[in-house]
Each structure stands twice: as C-alpha cells, then as structure tokens.
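Asker: File name run.pdb; file contents PDB, C-alpha atoms and all ligand atoms; full text below.
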ATOM      1  CA  MET A  37     163.932-171.682 -40.085
ATOM      2  CA  LYS A  38     166.552-170.480 -37.606
ATOM      3  CA  LYS A  39     167.615-166.847 -37.958
ATOM      4  CA  GLU A  40     171.246-167.743 -38.672
ATOM      5  CA  ASP A  41     170.071-170.077 -41.460
ATOM      6  CA  SER A  42     167.808-167.486 -43.004
ATOM      7  CA  ASN A  43     170.710-164.999 -43.007
ATOM      8  CA  LYS A  44     173.250-167.414 -44.475
ATOM      9  CA  ASN A  45     172.856-166.290 -48.053
ATOM     10  CA  LYS A  46     172.088-162.604 -47.542
ATOM     11  CA  LEU A  47     174.550-160.419 -49.465
ATOM     12  CA  ILE A  48     174.309-157.119 -47.611
ATOM     13  CA  ASP A  49     173.733-158.452 -44.041
ATOM     14  CA  VAL A  50     176.617-160.885 -44.087
ATOM     15  CA  PHE A  51     179.271-158.995 -46.000
ATOM     16  CA  GLY A  52     178.750-155.429 -44.999
ATOM     17  CA  LEU A  53     178.694-152.426 -47.207
ATOM     18  CA  LYS A  54     182.360-151.610 -46.706
ATOM     19  CA  LEU A  55     183.511-154.794 -48.397
ATOM     20  CA  ILE A  56     180.898-154.505 -51.155
ATOM     21  CA  SER A  57     182.108-150.980 -51.789
ATOM     22  CA  GLU A  58     185.811-151.878 -51.757
ATOM     23  CA  LEU A  59     185.352-154.860 -54.091
ATOM     24  CA  HIS A  60     183.352-152.855 -56.627
ATOM     25  CA  LEU A  61     185.113-149.469 -56.536
ATOM     26  CA  GLY A  62     187.506-150.245 -59.394
ATOM     27  CA  LEU A  63     184.965-152.022 -61.601
ATOM     28  CA  GLU A  64     183.335-150.359 -64.579
ATOM     29  CA  ARG A  65     179.970-151.780 -63.525
ATOM     30  CA  GLN A  66     178.730-152.855 -60.121
ATOM     31  CA  GLY A  67     176.188-155.292 -61.581
ATOM     32  CA  PRO A  68     175.284-157.135 -64.802
ATOM     33  CA  GLY A  69     174.771-154.929 -67.866
ATOM     34  CA  SER A  70     176.344-153.601 -71.054
ATOM     35  CA  SER A  71     176.608-150.434 -73.124
ATOM     36  CA  GLU A  72     174.640-152.124 -75.907
ATOM     37  CA  MET A  73     171.723-152.937 -73.583
ATOM     38  CA  THR A  74     171.724-149.424 -72.090
ATOM     39  CA  ILE A  75     171.561-147.956 -75.606
ATOM     40  CA  LYS A  76     168.848-150.434 -76.631
ATOM     41  CA  ALA A  77     166.722-149.426 -73.618
ATOM     42  CA  LEU A  78     167.327-145.738 -74.386
ATOM     43  CA  SER A  79     165.959-146.279 -77.914
ATOM     44  CA  PHE A  80     162.445-146.773 -76.431
ATOM     45  CA  LEU A  81     162.413-143.272 -74.876
ATOM     46  CA  ASP A  82     160.947-140.854 -77.409
ATOM     47  CA  ASN A  83     160.672-137.764 -75.189
ATOM     48  CA  LEU A  84     164.279-136.671 -74.629
ATOM     49  CA  ASN A  85     165.884-133.463 -75.877
ATOM     50  CA  GLU A  86     168.519-130.959 -74.693
ATOM     51  CA  ASN A  87     166.178-129.668 -71.953
ATOM     52  CA  SER A  88     165.479-133.115 -70.534
ATOM     53  CA  ARG A  89     166.312-134.166 -66.999
ATOM     54  CA  VAL A  90     167.134-137.771 -66.172
ATOM     55  CA  ALA A  91     167.847-139.339 -62.764
ATOM     56  CA  ASP A  92     169.967-142.505 -62.508
ATOM     57  CA  LEU A  93     169.140-144.107 -59.144
ATOM     58  CA  GLY A  94     171.693-146.490 -57.603
ATOM     59  CA  CYS A  95     174.113-145.268 -60.266
ATOM     60  CA  GLY A  96     177.251-146.799 -58.714
ATOM     61  CA  THR A  97     180.387-145.398 -60.356
ATOM     62  CA  GLY A  98     178.297-144.492 -63.412
ATOM     63  CA  GLY A  99     179.188-147.100 -66.060
ATOM     64  CA  GLN A 100     175.712-146.888 -67.590
ATOM     65  CA  THR A 101     175.283-143.162 -66.816
ATOM     66  CA  MET A 102     178.230-142.135 -68.982
ATOM     67  CA  ILE A 103     176.910-144.285 -71.843
ATOM     68  CA  LEU A 104     173.513-142.623 -71.485
ATOM     69  CA  ALA A 105     175.091-139.166 -71.481
ATOM     70  CA  GLN A 106     177.046-139.951 -74.634
ATOM     71  CA  ASN A 107     173.874-141.053 -76.397
ATOM     72  CA  MET A 108     171.433-138.309 -75.392
ATOM     73  CA  THR A 109     171.370-134.581 -74.826
ATOM     74  CA  GLY A 110     170.013-133.090 -71.590
ATOM     75  CA  ASN A 111     171.156-133.450 -67.984
ATOM     76  CA  ILE A 112     171.611-136.500 -65.802
ATOM     77  CA  THR A 113     171.767-136.662 -62.007
ATOM     78  CA  GLY A 114     173.258-139.898 -60.671
ATOM     79  CA  LEU A 115     172.363-140.803 -57.090
ATOM     80  CA  ASP A 116     173.929-143.475 -54.891
ATOM     81  CA  PHE A 117     174.251-143.880 -51.129
ATOM     82  CA  LEU A 118     177.950-144.866 -51.263
ATOM     83  CA  PRO A 119     180.128-141.701 -51.310
ATOM     84  CA  GLY A 120     183.130-143.628 -52.712
ATOM     85  CA  PHE A 121     181.097-144.532 -55.808
ATOM     86  CA  ILE A 122     179.942-140.943 -56.277
ATOM     87  CA  ASP A 123     183.524-139.607 -56.080
ATOM     88  CA  ILE A 124     184.541-141.943 -58.904
ATOM     89  CA  PHE A 125     181.331-141.109 -60.800
ATOM     90  CA  ASN A 126     182.140-137.378 -60.775
ATOM     91  CA  ASN A 127     185.780-138.016 -61.735
ATOM     92  CA  ASN A 128     184.611-140.166 -64.658
ATOM     93  CA  ALA A 129     182.193-137.457 -65.790
ATOM     94  CA  LYS A 130     185.056-134.957 -65.727
ATOM     95  CA  LYS A 131     187.452-137.254 -67.616
ATOM     96  CA  LEU A 132     184.832-137.627 -70.350
ATOM     97  CA  ASN A 133     184.152-133.879 -70.338
ATOM     98  CA  LEU A 134     180.534-134.520 -69.343
ATOM     99  CA  GLN A 135     180.655-132.627 -66.027
ATOM    100  CA  GLU A 136     178.339-129.825 -67.244
ATOM    101  CA  ARG A 137     175.522-132.300 -67.936
ATOM    102  CA  VAL A 138     176.271-135.189 -65.574
ATOM    103  CA  LYS A 139     176.440-134.833 -61.781
ATOM    104  CA  GLY A 140     176.622-137.461 -59.094
ATOM    105  CA  ILE A 141     175.138-136.894 -55.640
ATOM    106  CA  VAL A 142     175.088-138.968 -52.457
ATOM    107  CA  GLY A 143     171.542-139.825 -51.406
ATOM    108  CA  SER A 144     168.968-142.505 -50.765
ATOM    109  CA  MET A 145     166.671-143.855 -53.455
ATOM    110  CA  GLU A 146     164.037-144.178 -50.722
ATOM    111  CA  ASN A 147     164.087-140.494 -49.819
ATOM    112  CA  LEU A 148     164.827-138.606 -53.012
ATOM    113  CA  PRO A 149     166.065-134.987 -52.728
ATOM    114  CA  PHE A 150     164.111-133.955 -55.850
ATOM    115  CA  GLN A 151     160.962-131.981 -56.735
ATOM    116  CA  LYS A 152     157.751-133.739 -57.712
ATOM    117  CA  GLU A 153     157.455-134.311 -61.492
ATOM    118  CA  GLU A 154     160.994-133.040 -62.045
ATOM    119  CA  PHE A 155     162.243-135.729 -64.430
ATOM    120  CA  ASP A 156     161.606-136.872 -67.994
ATOM    121  CA  ALA A 157     163.102-140.276 -67.201
ATOM    122  CA  ILE A 158     164.224-142.322 -64.227
ATOM    123  CA  TRP A 159     166.955-144.848 -64.967
ATOM    124  CA  SER A 160     168.058-147.575 -62.579
ATOM    125  CA  GLU A 161     170.209-150.588 -63.482
ATOM    126  CA  GLY A 162     170.385-153.396 -60.952
ATOM    127  CA  ALA A 163     169.296-151.313 -57.989
ATOM    128  CA  ILE A 164     165.502-151.275 -57.512
ATOM    129  CA  ALA A 165     165.576-154.458 -55.377
ATOM    130  CA  ASN A 166     167.126-152.307 -52.636
ATOM    131  CA  ILE A 167     163.868-150.396 -52.204
ATOM    132  CA  GLY A 168     161.559-153.125 -53.583
ATOM    133  CA  PHE A 169     160.179-153.405 -57.120
ATOM    134  CA  GLU A 170     156.596-152.332 -56.451
ATOM    135  CA  LYS A 171     157.515-149.749 -53.803
ATOM    136  CA  GLY A 172     160.202-148.214 -56.031
ATOM    137  CA  LEU A 173     157.904-148.011 -59.064
ATOM    138  CA  ASN A 174     155.214-146.271 -57.020
ATOM    139  CA  TYR A 175     157.512-143.910 -55.123
ATOM    140  CA  TRP A 176     159.725-142.924 -58.061
ATOM    141  CA  LYS A 177     156.659-142.176 -60.228
ATOM    142  CA  ASN A 178     156.064-139.045 -58.106
ATOM    143  CA  PHE A 179     159.277-137.544 -59.516
ATOM    144  CA  LEU A 180     158.402-138.235 -63.167
ATOM    145  CA  LYS A 181     156.517-135.862 -65.420
ATOM    146  CA  LYS A 182     153.364-137.212 -67.050
ATOM    147  CA  GLY A 183     154.565-139.167 -70.102
ATOM    148  CA  GLY A 184     158.001-139.649 -68.508
ATOM    149  CA  TYR A 185     159.712-143.029 -68.564
ATOM    150  CA  VAL A 186     161.081-145.439 -66.030
ATOM    151  CA  ALA A 187     163.829-147.730 -67.412
ATOM    152  CA  LEU A 188     165.331-150.308 -65.076
ATOM    153  CA  THR A 189     166.871-153.749 -64.846
ATOM    154  CA  TYR A 190     165.607-156.237 -62.296
ATOM    155  CA  GLU A 191     166.244-159.871 -61.378
ATOM    156  CA  SER A 192     163.409-161.958 -62.849
ATOM    157  CA  TRP A 193     162.399-165.609 -63.172
ATOM    158  CA  PHE A 194     162.123-166.956 -66.713
ATOM    159  CA  THR A 195     159.969-169.953 -65.719
ATOM    160  CA  ASP A 196     157.124-170.698 -63.297
ATOM    161  CA  GLU A 197     159.187-173.315 -61.463
ATOM    162  CA  ARG A 198     162.902-173.801 -60.737
ATOM    163  CA  PRO A 199     165.233-175.946 -58.626
ATOM    164  CA  ALA A 200     165.122-175.415 -54.845
ATOM    165  CA  GLU A 201     168.764-174.282 -54.553
ATOM    166  CA  ILE A 202     168.330-171.286 -56.839
ATOM    167  CA  GLU A 203     164.825-170.516 -55.577
ATOM    168  CA  LYS A 204     166.238-170.262 -52.043
ATOM    169  CA  TRP A 205     169.189-168.052 -52.982
ATOM    170  CA  TRP A 206     167.045-165.486 -54.729
ATOM    171  CA  THR A 207     164.096-165.463 -52.353
ATOM    172  CA  ASP A 208     166.585-164.985 -49.477
ATOM    173  CA  ASN A 209     168.226-162.052 -51.273
ATOM    174  CA  VAL A 210     165.319-160.539 -53.229
ATOM    175  CA  PRO A 211     162.126-161.797 -51.530
ATOM    176  CA  GLU A 212     159.920-160.047 -54.111
ATOM    177  CA  ILE A 213     161.589-161.741 -57.135
ATOM    178  CA  SER A 214     158.962-162.806 -59.670
ATOM    179  CA  THR A 215     158.364-163.784 -63.291
ATOM    180  CA  ILE A 216     158.597-161.392 -66.229
ATOM    181  CA  GLY A 217     154.823-161.596 -66.770
ATOM    182  CA  HIS A 218     154.101-160.731 -63.154
ATOM    183  CA  ASN A 219     156.569-157.830 -63.194
ATOM    184  CA  ILE A 220     154.988-156.352 -66.328
ATOM    185  CA  LEU A 221     151.600-156.503 -64.593
ATOM    186  CA  THR A 222     153.099-154.745 -61.555
ATOM    187  CA  ILE A 223     154.405-151.978 -63.835
ATOM    188  CA  GLN A 224     150.918-151.577 -65.319
ATOM    189  CA  LYS A 225     149.219-151.585 -61.903
ATOM    190  CA  SER A 226     151.712-148.974 -60.664
ATOM    191  CA  GLY A 227     150.469-146.428 -63.208
ATOM    192  CA  TYR A 228     152.758-146.959 -66.187
ATOM    193  CA  ILE A 229     152.146-148.243 -69.705
ATOM    194  CA  PRO A 230     154.515-151.220 -70.118
ATOM    195  CA  VAL A 231     156.536-150.222 -73.197
ATOM    196  CA  ALA A 232     159.203-152.924 -73.455
ATOM    197  CA  ALA A 233     160.839-155.788 -71.600
ATOM    198  CA  PHE A 234     163.930-157.652 -72.798
ATOM    199  CA  ILE A 235     166.362-160.085 -71.226
ATOM    200  CA  LEU A 236     170.013-159.078 -70.788
ATOM    201  CA  PRO A 237     172.330-161.501 -72.623
ATOM    202  CA  GLU A 238     174.591-163.827 -70.673
ATOM    203  CA  GLU A 239     177.800-161.842 -71.267
ATOM    204  CA  CYS A 240     176.266-158.975 -69.282
ATOM    205  CA  TRP A 241     176.694-161.252 -66.230
ATOM    206  CA  THR A 242     179.882-163.093 -67.147
ATOM    207  CA  ASP A 243     182.265-160.949 -69.242
ATOM    208  CA  ASN A 244     181.017-157.612 -67.931
ATOM    209  CA  TYR A 245     180.529-158.439 -64.260
ATOM    210  CA  PHE A 246     181.608-161.791 -62.801
ATOM    211  CA  ILE A 247     184.980-161.940 -64.605
ATOM    212  CA  PRO A 248     186.175-158.439 -63.601
ATOM    213  CA  ARG A 249     184.746-159.015 -60.104
ATOM    214  CA  GLU A 250     186.768-162.221 -59.782
ATOM    215  CA  THR A 251     189.981-160.307 -60.604
ATOM    216  CA  ALA A 252     189.084-157.735 -57.937
ATOM    217  CA  SER A 253     188.240-160.582 -55.513
ATOM    218  CA  LYS A 254     191.731-162.069 -55.860
ATOM    219  CA  ALA A 255     193.283-158.680 -55.114
ATOM    220  CA  LEU A 256     191.045-158.253 -52.051
ATOM    221  CA  LEU A 257     191.970-161.721 -50.751
ATOM    222  CA  GLU A 258     195.663-160.864 -51.134
ATOM    223  CA  LYS A 259     195.253-157.515 -49.390
ATOM    224  CA  TYR A 260     193.382-159.071 -46.456
ATOM    225  CA  ALA A 261     195.230-162.417 -46.405
ATOM    226  CA  GLY A 262     194.006-164.565 -43.499
ATOM    227  CA  ASP A 263     190.958-162.388 -42.769
ATOM    228  CA  LYS A 264     188.055-164.806 -42.325
ATOM    229  CA  THR A 265     185.358-162.149 -42.924
ATOM    230  CA  VAL A 266     186.863-161.269 -46.292
ATOM    231  CA  GLU A 267     187.312-164.956 -47.190
ATOM    232  CA  ASP A 268     183.654-165.675 -46.360
ATOM    233  CA  PHE A 269     182.571-162.631 -48.348
ATOM    234  CA  ILE A 270     184.477-163.723 -51.446
ATOM    235  CA  ALA A 271     183.234-167.323 -51.043
ATOM    236  CA  LYS A 272     179.636-166.035 -51.158
ATOM    237  CA  MET A 273     180.378-163.935 -54.242
ATOM    238  CA  ARG A 274     181.868-166.987 -55.939
ATOM    239  CA  TYR A 275     178.858-169.078 -54.942
ATOM    240  CA  GLU A 276     176.581-166.494 -56.572
ATOM    241  CA  ALA A 277     178.588-166.757 -59.826
ATOM    242  CA  GLU A 278     178.531-170.574 -59.669
ATOM    243  CA  LEU A 279     174.774-170.529 -59.224
ATOM    244  CA  TYR A 280     174.442-168.332 -62.287
ATOM    245  CA  SER A 281     176.420-170.720 -64.437
ATOM    246  CA  LYS A 282     174.393-173.680 -63.134
ATOM    247  CA  TYR A 283     170.904-172.150 -63.307
ATOM    248  CA  LYS A 284     171.040-169.295 -65.845
ATOM    249  CA  GLN A 285     168.188-170.819 -67.869
ATOM    250  CA  TYR A 286     165.848-170.045 -64.952
ATOM    251  CA  TYR A 287     166.574-166.373 -64.255
ATOM    252  CA  GLY A 288     168.357-163.243 -65.334
ATOM    253  CA  TYR A 289     168.163-159.487 -65.460
ATOM    254  CA  VAL A 290     165.362-158.015 -67.518
ATOM    255  CA  PHE A 291     165.258-154.428 -68.767
ATOM    256  CA  TYR A 292     161.761-153.015 -68.150
ATOM    257  CA  ILE A 293     160.602-149.748 -69.669
ATOM    258  CA  GLY A 294     157.353-148.088 -68.608
ATOM    259  CA  LYS A 295     155.731-144.770 -69.460
ATOM    260  CA  LYS A 296     153.926-142.783 -66.744
ATOM    261  CA  ILE A 297     150.275-142.307 -67.558
TER
HETATM  262  C1  LIG A 301     174.063-153.699 -58.237
HETATM  263  S1  LIG A 301     174.668-152.063 -57.975
HETATM  264  C2  LIG A 301     174.344-151.341 -59.589
HETATM  265  C3  LIG A 301     175.182-150.126 -59.864
HETATM  266  C4  LIG A 301     175.056-149.560 -61.285
HETATM  267  N1  LIG A 301     173.717-149.091 -61.563
HETATM  268  C5  LIG A 301     175.455-150.604 -62.309
HETATM  269  O1  LIG A 301     174.562-151.207 -62.938
HETATM  270  O2  LIG A 301     176.659-150.795 -62.486
HETATM  271  C6  LIG A 301     173.414-151.314 -56.949
HETATM  272  C7  LIG A 301     173.741-149.897 -56.520
HETATM  273  O3  LIG A 301     172.684-149.380 -55.725
HETATM  274  C8  LIG A 301     173.242-148.641 -54.656
HETATM  275  N2  LIG A 301     172.253-148.602 -53.568
HETATM  276  C9  LIG A 301     171.792-149.639 -52.831
HETATM  277  N3  LIG A 301     170.843-149.233 -51.970
HETATM  278  C10 LIG A 301     170.693-147.903 -52.171
HETATM  279  C11 LIG A 301     169.850-146.897 -51.589
HETATM  280  N4  LIG A 301     168.966-147.203 -50.642
HETATM  281  N5  LIG A 301     169.933-145.637 -52.059
HETATM  282  C12 LIG A 301     170.831-145.317 -53.021
HETATM  283  N6  LIG A 301     171.673-146.219 -53.603
HETATM  284  C13 LIG A 301     171.595-147.496 -53.187
HETATM  285  C14 LIG A 301     174.527-149.376 -54.312
HETATM  286  O4  LIG A 301     175.445-148.572 -53.615
HETATM  287  C15 LIG A 301     175.005-149.782 -55.706
HETATM  288  O5  LIG A 301     175.836-148.794 -56.271
END
Could you quickly redo this structure as structure tokens?
Answerer:
Amino acid sequence: MKKEDSNKNKLIDVFGLKLISELHLGLERQGPGSSEMTIKALSFLDNLNENSRVADLGCGTGGQTMILAQNMTGNITGLDFLPGFIDIFNNNAKKLNLQERVKGIVGSMENLPFQKEEFDAIWSEGAIANIGFEKGLNYWKNFLKKGGYVALTYESWFTDERPAEIEKWWTDNVPEISTIGHNILTIQKSGYIPVAAFILPEECWTDNYFIPRETASKALLEKYAGDKTVEDFIAKMRYEAELYSKYKQYYGYVFYIGKKI
C-alpha cells in the first residue's frame, strides 16, 4: 500500500492536534461516554476512601473526572498533553468547588510524572489507544498500588469478522484493535484480575459525542470558511460518524476494569 493511502484515514496525522483541540475544547466530552457509565464502572472499585489517590490519564477537559469526583472521596489528578484542555479542566473543577481534590496537569501518559505505586486507581476513558492497549496496561501498572484498579474504555470488536470498510478504518487508526475476549486476556496477562467488562450504549457515541461534535464542526467550518485543511478535517470526522451508524453492530467502546495482583 502506498504511504499516502495508508495515511488517508489517520485521525491525528492528517488533521493535526491544533484542529482536534479547537474542535473539542467546548465539548463536555472529547470521546464517547456518559456519566451513568462512569458511575457504573466506579461501582466495581471497592478500595476507595477519603485518602485515596486516583489518576485520570488523557482526561481531556474532565467530563468524566468531575463525575468521578462527585461520586467518590479522595483526590484525583487529571493528566492530558493538551494545555488548552487542562486549563478548562481546572476551571471546571473550580466552578464545581472541587479544586481542593481535583487537579489537572499537563503531561504525557507515556512518561508519567508520578511515584511508583502512588495510586489506588488509574482511570482513562477513550485514551489508552494513544499509548497502546498492552503497553499502557503494563506501564501504568507500575503506578498502581497492589490491589489498585485500572478502569478504562477502549475501542473493541464485538465479532470475529466484519466488513472490510470498517476493518480498514479501525486498523488504520488503532492497529491493535481486538475483540473483547482478546482484550480481557491481555488484561489478565498484564498482571491484573479482570473484574468487569461492559459495552457502552449507543447514545454514548451519538447523543453525547457525535451530535455535540457536529454542532462544533459547523462553527469551525464557518470560522475557517474556504480553508481546505479544515474542510478535509471535518469531512473525516463526519465519515467516522457515518461509519459508526453503518457498522455499530460490529464495534464499540468497552469499559474494562482490572485489579492489580
Ligand atoms: C478521545 S479523548 C478522551 C478525553 C476524555 N477522557 C473523555 O473521555 O472525554 C483522548 C484524550 O487523550 C489525550 N491524549 C492523547 N495522547 C496523549 C498522550 N500521549 N499523553 C497525554 N494525553 C494524551 C488527548 O489530548 C485527549 O484529551
């Protein structure tokens, strides 16, 4: 395959982080999810109290972090490599009067500025693909106490086979994408007890992500009227949403919860 072909569908390479950041800055969530699913995942963690420390990696502007903070005691550190997201994160924490327990910092999930075994839980919604599922599970485990939890959402296949169009999109964007069964085995092999896995409902993608993103897309197109890079960027975003509506029976986000042995 020619290089330009193999890059055609890539989100980050083609669009650039600046546009991704600008499109998502005003959204409550930067990926599929919901408060209900965050709270459901939290219900599997039986080790949290007011002394607990939680890290939320790839936290974005903190949609899920604020929900977590409102449903647990203890402290949360959100980490994201986009400073614009972290500014909004810290403003949101302040608005909700959570600033004493919830802090956002700029950093890389691949080079964490934390102590070994510092955390009781590591949270990460829609972000582990940026480091890689297996690599992230293994690296992040170093920062968890024994008996601590990892709770994350990750793109997963629901079936062993699927149509070529959707297979290509996802393997171009998340080469490691696999089935739920395979991912659970990876969690186990990475030194965690698999505690739970559940599929995020459709509205987590549509009502909570694609619909608000489409409103933001229209505003971006107006702001940059005639800019071909922005038009191409939005066209790819729309293609991603179209693919979801066409092939949602084959894939989705799954919440995985594992406990460090
Ligand atoms: C799909 S968004 C999810 C954001 C948020 N967790 C949510 O569910 O709304 C992925 C996030 O990971 C962040 N990210 C990507 N690569 C990263 C890296 N290497 N280190 C830290 N953050 C990263 C992005 O800036 C983005 O905020």
Asker: So, counting all atoms listed in the file, which residue among A:Gln224, A:Asn107, A:Gln135, A:Asn147 is closest to ligand LIG 301 (chain A)?
Answerer: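 Closest to ligand LIG 301 (chain A), using all atoms listed in the file: A:Asn147.
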Asker: Set the distance at 7 Å and use all atoms listed in the file: which residues neighbour stretch 117-128 of chain A once local chain neighbours fewer than 3 positions away are removed? I'd like the list as a ChimeraX atom specification.
Answerer: /A:61,96-98,131-132,139-144
Asker: Now that the selection is made, can you save its residues with C-alpha atoms as a PDB file, keeping the file's coordinate frame?
Answerer:
ATOM      1  CA  LEU A  61     185.113-149.469 -56.536  1.00  0.00           C
ATOM      2  CA  GLY A  96     177.251-146.799 -58.714  1.00  0.00           C
ATOM      3  CA  THR A  97     180.387-145.398 -60.356  1.00  0.00           C
ATOM      4  CA  GLY A  98     178.297-144.492 -63.412  1.00  0.00           C
ATOM      5  CA  LYS A 131     187.452-137.254 -67.616  1.00  0.00           C
ATOM      6  CA  LEU A 132     184.832-137.627 -70.350  1.00  0.00           C
ATOM      7  CA  LYS A 139     176.440-134.833 -61.781  1.00  0.00           C
ATOM      8  CA  GLY A 140     176.622-137.461 -59.094  1.00  0.00           C
ATOM      9  CA  ILE A 141     175.138-136.894 -55.640  1.00  0.00           C
ATOM     10  CA  VAL A 142     175.088-138.968 -52.457  1.00  0.00           C
ATOM     11  CA  GLY A 143     171.542-139.825 -51.406  1.00  0.00           C
ATOM     12  CA  SER A 144     168.968-142.505 -50.765  1.00  0.00           C
TER      13      SER A 144
END
Asker: Pick out the residues sitting within 7 Å of A:Pro68, and hand them over as a tab-separated table (two decimals) with C-alpha atoms, in the coordinates of the input; count all atoms listed in the file, and ignore anything fewer than 5 positions along from it in its own chain.
Answerer:
chain	number	residue	atom	x	y	z
A	240	CYS	CA	176.27	-158.98	-69.28
A	241	TRP	CA	176.69	-161.25	-66.23
A	244	ASN	CA	181.02	-157.61	-67.93
A	245	TYR	CA	180.53	-158.44	-64.26
Asker: Return as a PDB file with C-alpha atoms, in the frame of the given file the residues of protein, DNA or RNA that approach ligand LIG 301 (chain A) to within 9 Å, with all atoms listed in the file taken into account.
Answerer:
ATOM      1  CA  LEU A  53     178.694-152.426 -47.207  1.00  0.00           C
ATOM      2  CA  ILE A  56     180.898-154.505 -51.155  1.00  0.00           C
ATOM      3  CA  SER A  57     182.108-150.980 -51.789  1.00  0.00           C
ATOM      4  CA  HIS A  60     183.352-152.855 -56.627  1.00  0.00           C
ATOM      5  CA  LEU A  63     184.965-152.022 -61.601  1.00  0.00           C
ATOM      6  CA  GLU A  64     183.335-150.359 -64.579  1.00  0.00           C
ATOM      7  CA  ARG A  65     179.970-151.780 -63.525  1.00  0.00           C
ATOM      8  CA  GLN A  66     178.730-152.855 -60.121  1.00  0.00           C
ATOM      9  CA  GLY A  67     176.188-155.292 -61.581  1.00  0.00           C
ATOM     10  CA  PRO A  68     175.284-157.135 -64.802  1.00  0.00           C
ATOM     11  CA  GLY A  69     174.771-154.929 -67.866  1.00  0.00           C
ATOM     12  CA  SER A  70     176.344-153.601 -71.054  1.00  0.00           C
ATOM     13  CA  ASP A  92     169.967-142.505 -62.508  1.00  0.00           C
ATOM     14  CA  LEU A  93     169.140-144.107 -59.144  1.00  0.00           C
ATOM     15  CA  GLY A  94     171.693-146.490 -57.603  1.00  0.00           C
ATOM     16  CA  CYS A  95     174.113-145.268 -60.266  1.00  0.00           C
ATOM     17  CA  GLY A  96     177.251-146.799 -58.714  1.00  0.00           C
ATOM     18  CA  THR A  97     180.387-145.398 -60.356  1.00  0.00           C
ATOM     19  CA  GLY A  98     178.297-144.492 -63.412  1.00  0.00           C
ATOM     20  CA  GLY A  99     179.188-147.100 -66.060  1.00  0.00           C
ATOM     21  CA  GLN A 100     175.712-146.888 -67.590  1.00  0.00           C
ATOM     22  CA  THR A 101     175.283-143.162 -66.816  1.00  0.00           C
ATOM     23  CA  LEU A 115     172.363-140.803 -57.090  1.00  0.00           C
ATOM     24  CA  ASP A 116     173.929-143.475 -54.891  1.00  0.00           C
ATOM     25  CA  PHE A 117     174.251-143.880 -51.129  1.00  0.00           C
ATOM     26  CA  LEU A 118     177.950-144.866 -51.263  1.00  0.00           C
ATOM     27  CA  PRO A 119     180.128-141.701 -51.310  1.00  0.00           C
ATOM     28  CA  PHE A 121     181.097-144.532 -55.808  1.00  0.00           C
ATOM     29  CA  ILE A 122     179.942-140.943 -56.277  1.00  0.00           C
ATOM     30  CA  VAL A 142     175.088-138.968 -52.457  1.00  0.00           C
ATOM     31  CA  GLY A 143     171.542-139.825 -51.406  1.00  0.00           C
ATOM     32  CA  SER A 144     168.968-142.505 -50.765  1.00  0.00           C
ATOM     33  CA  MET A 145     166.671-143.855 -53.455  1.00  0.00           C
ATOM     34  CA  GLU A 146     164.037-144.178 -50.722  1.00  0.00           C
ATOM     35  CA  ASN A 147     164.087-140.494 -49.819  1.00  0.00           C
ATOM     36  CA  LEU A 148     164.827-138.606 -53.012  1.00  0.00           C
ATOM     37  CA  TRP A 159     166.955-144.848 -64.967  1.00  0.00           C
ATOM     38  CA  SER A 160     168.058-147.575 -62.579  1.00  0.00           C
ATOM     39  CA  GLU A 161     170.209-150.588 -63.482  1.00  0.00           C
ATOM     40  CA  GLY A 162     170.385-153.396 -60.952  1.00  0.00           C
ATOM     41  CA  ALA A 163     169.296-151.313 -57.989  1.00  0.00           C
ATOM     42  CA  ILE A 164     165.502-151.275 -57.512  1.00  0.00           C
ATOM     43  CA  ALA A 165     165.576-154.458 -55.377  1.00  0.00           C
ATOM     44  CA  ASN A 166     167.126-152.307 -52.636  1.00  0.00           C
ATOM     45  CA  ILE A 167     163.868-150.396 -52.204  1.00  0.00           C
ATOM     46  CA  THR A 189     166.871-153.749 -64.846  1.00  0.00           C
ATOM     47  CA  TYR A 245     180.529-158.439 -64.260  1.00  0.00           C
TER      48      TYR A 245
END
Asker: Identify all residues satisfying the PyMOL selection byres (((chain A and resi 87) around 12) and not hetatm) in the given file; provide them as a list in words.
Answerer: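 Applied to this file, the PyMOL selection byres (((chain A and resi 87) around 12) and not hetatm) selects Asn83, Leu84, Asn85, Glu86, Ser88, Arg89, Val90, Met108, Thr109, Gly110, Asn111, Ile112, Arg137, Glu154, Phe155 and Asp156 of chain A.
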Asker: May I have the selected residues written with C-alpha atoms, as a tab-separated table (two decimals), in the frame of the given file?
Answerer:
chain	number	residue	atom	x	y	z
A	83	ASN	CA	160.67	-137.76	-75.19
A	84	LEU	CA	164.28	-136.67	-74.63
A	85	ASN	CA	165.88	-133.46	-75.88
A	86	GLU	CA	168.52	-130.96	-74.69
A	88	SER	CA	165.48	-133.12	-70.53
A	89	ARG	CA	166.31	-134.17	-67.00
A	90	VAL	CA	167.13	-137.77	-66.17
A	108	MET	CA	171.43	-138.31	-75.39
A	109	THR	CA	171.37	-134.58	-74.83
A	110	GLY	CA	170.01	-133.09	-71.59
A	111	ASN	CA	171.16	-133.45	-67.98
A	112	ILE	CA	171.61	-136.50	-65.80
A	137	ARG	CA	175.52	-132.30	-67.94
A	154	GLU	CA	160.99	-133.04	-62.04
A	155	PHE	CA	162.24	-135.73	-64.43
A	156	ASP	CA	161.61	-136.87	-67.99
Asker: Provide the atom CA of A:Val290 to atom CA of A:Gly172 distance in Å, to one decimal place.
Answerer: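 Interatomic distance, atom CA of A:Val290 to atom CA of A:Gly172: 16.0 Å.
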Asker: Between A:Leu134, A:Ser253, A:Lys76, A:Ile297, which residue has the minimum interatomic distance to A:Lys177, considering all atoms listed in the file?
Answerer: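 With all atoms listed in the file as the atom set, the closest residue is A:Ile297.
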Asker: Work out how far apart atom CA of A:Phe179 and atom CA of A:Gln151 are and give it in Å to one decimal.
Answerer: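 Computing the Euclidean distance for atom CA of A:Phe179 and atom CA of A:Gln151 yields 6.4 Å.
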Asker: Using all atoms listed in the file, find the one residue out of A:Leu188, A:Leu59, A:Leu81, A:Leu279 that sits nearest to A:Ile235.
Answerer: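 Counting all atoms listed in the file, the residue closest to A:Ile235 is A:Leu188.
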Asker: In Å, how far is it from atom CA of A:Gly217 to atom CA of A:Ala232?
Answerer: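 Here the two named atoms are 11.8 Å from each other.
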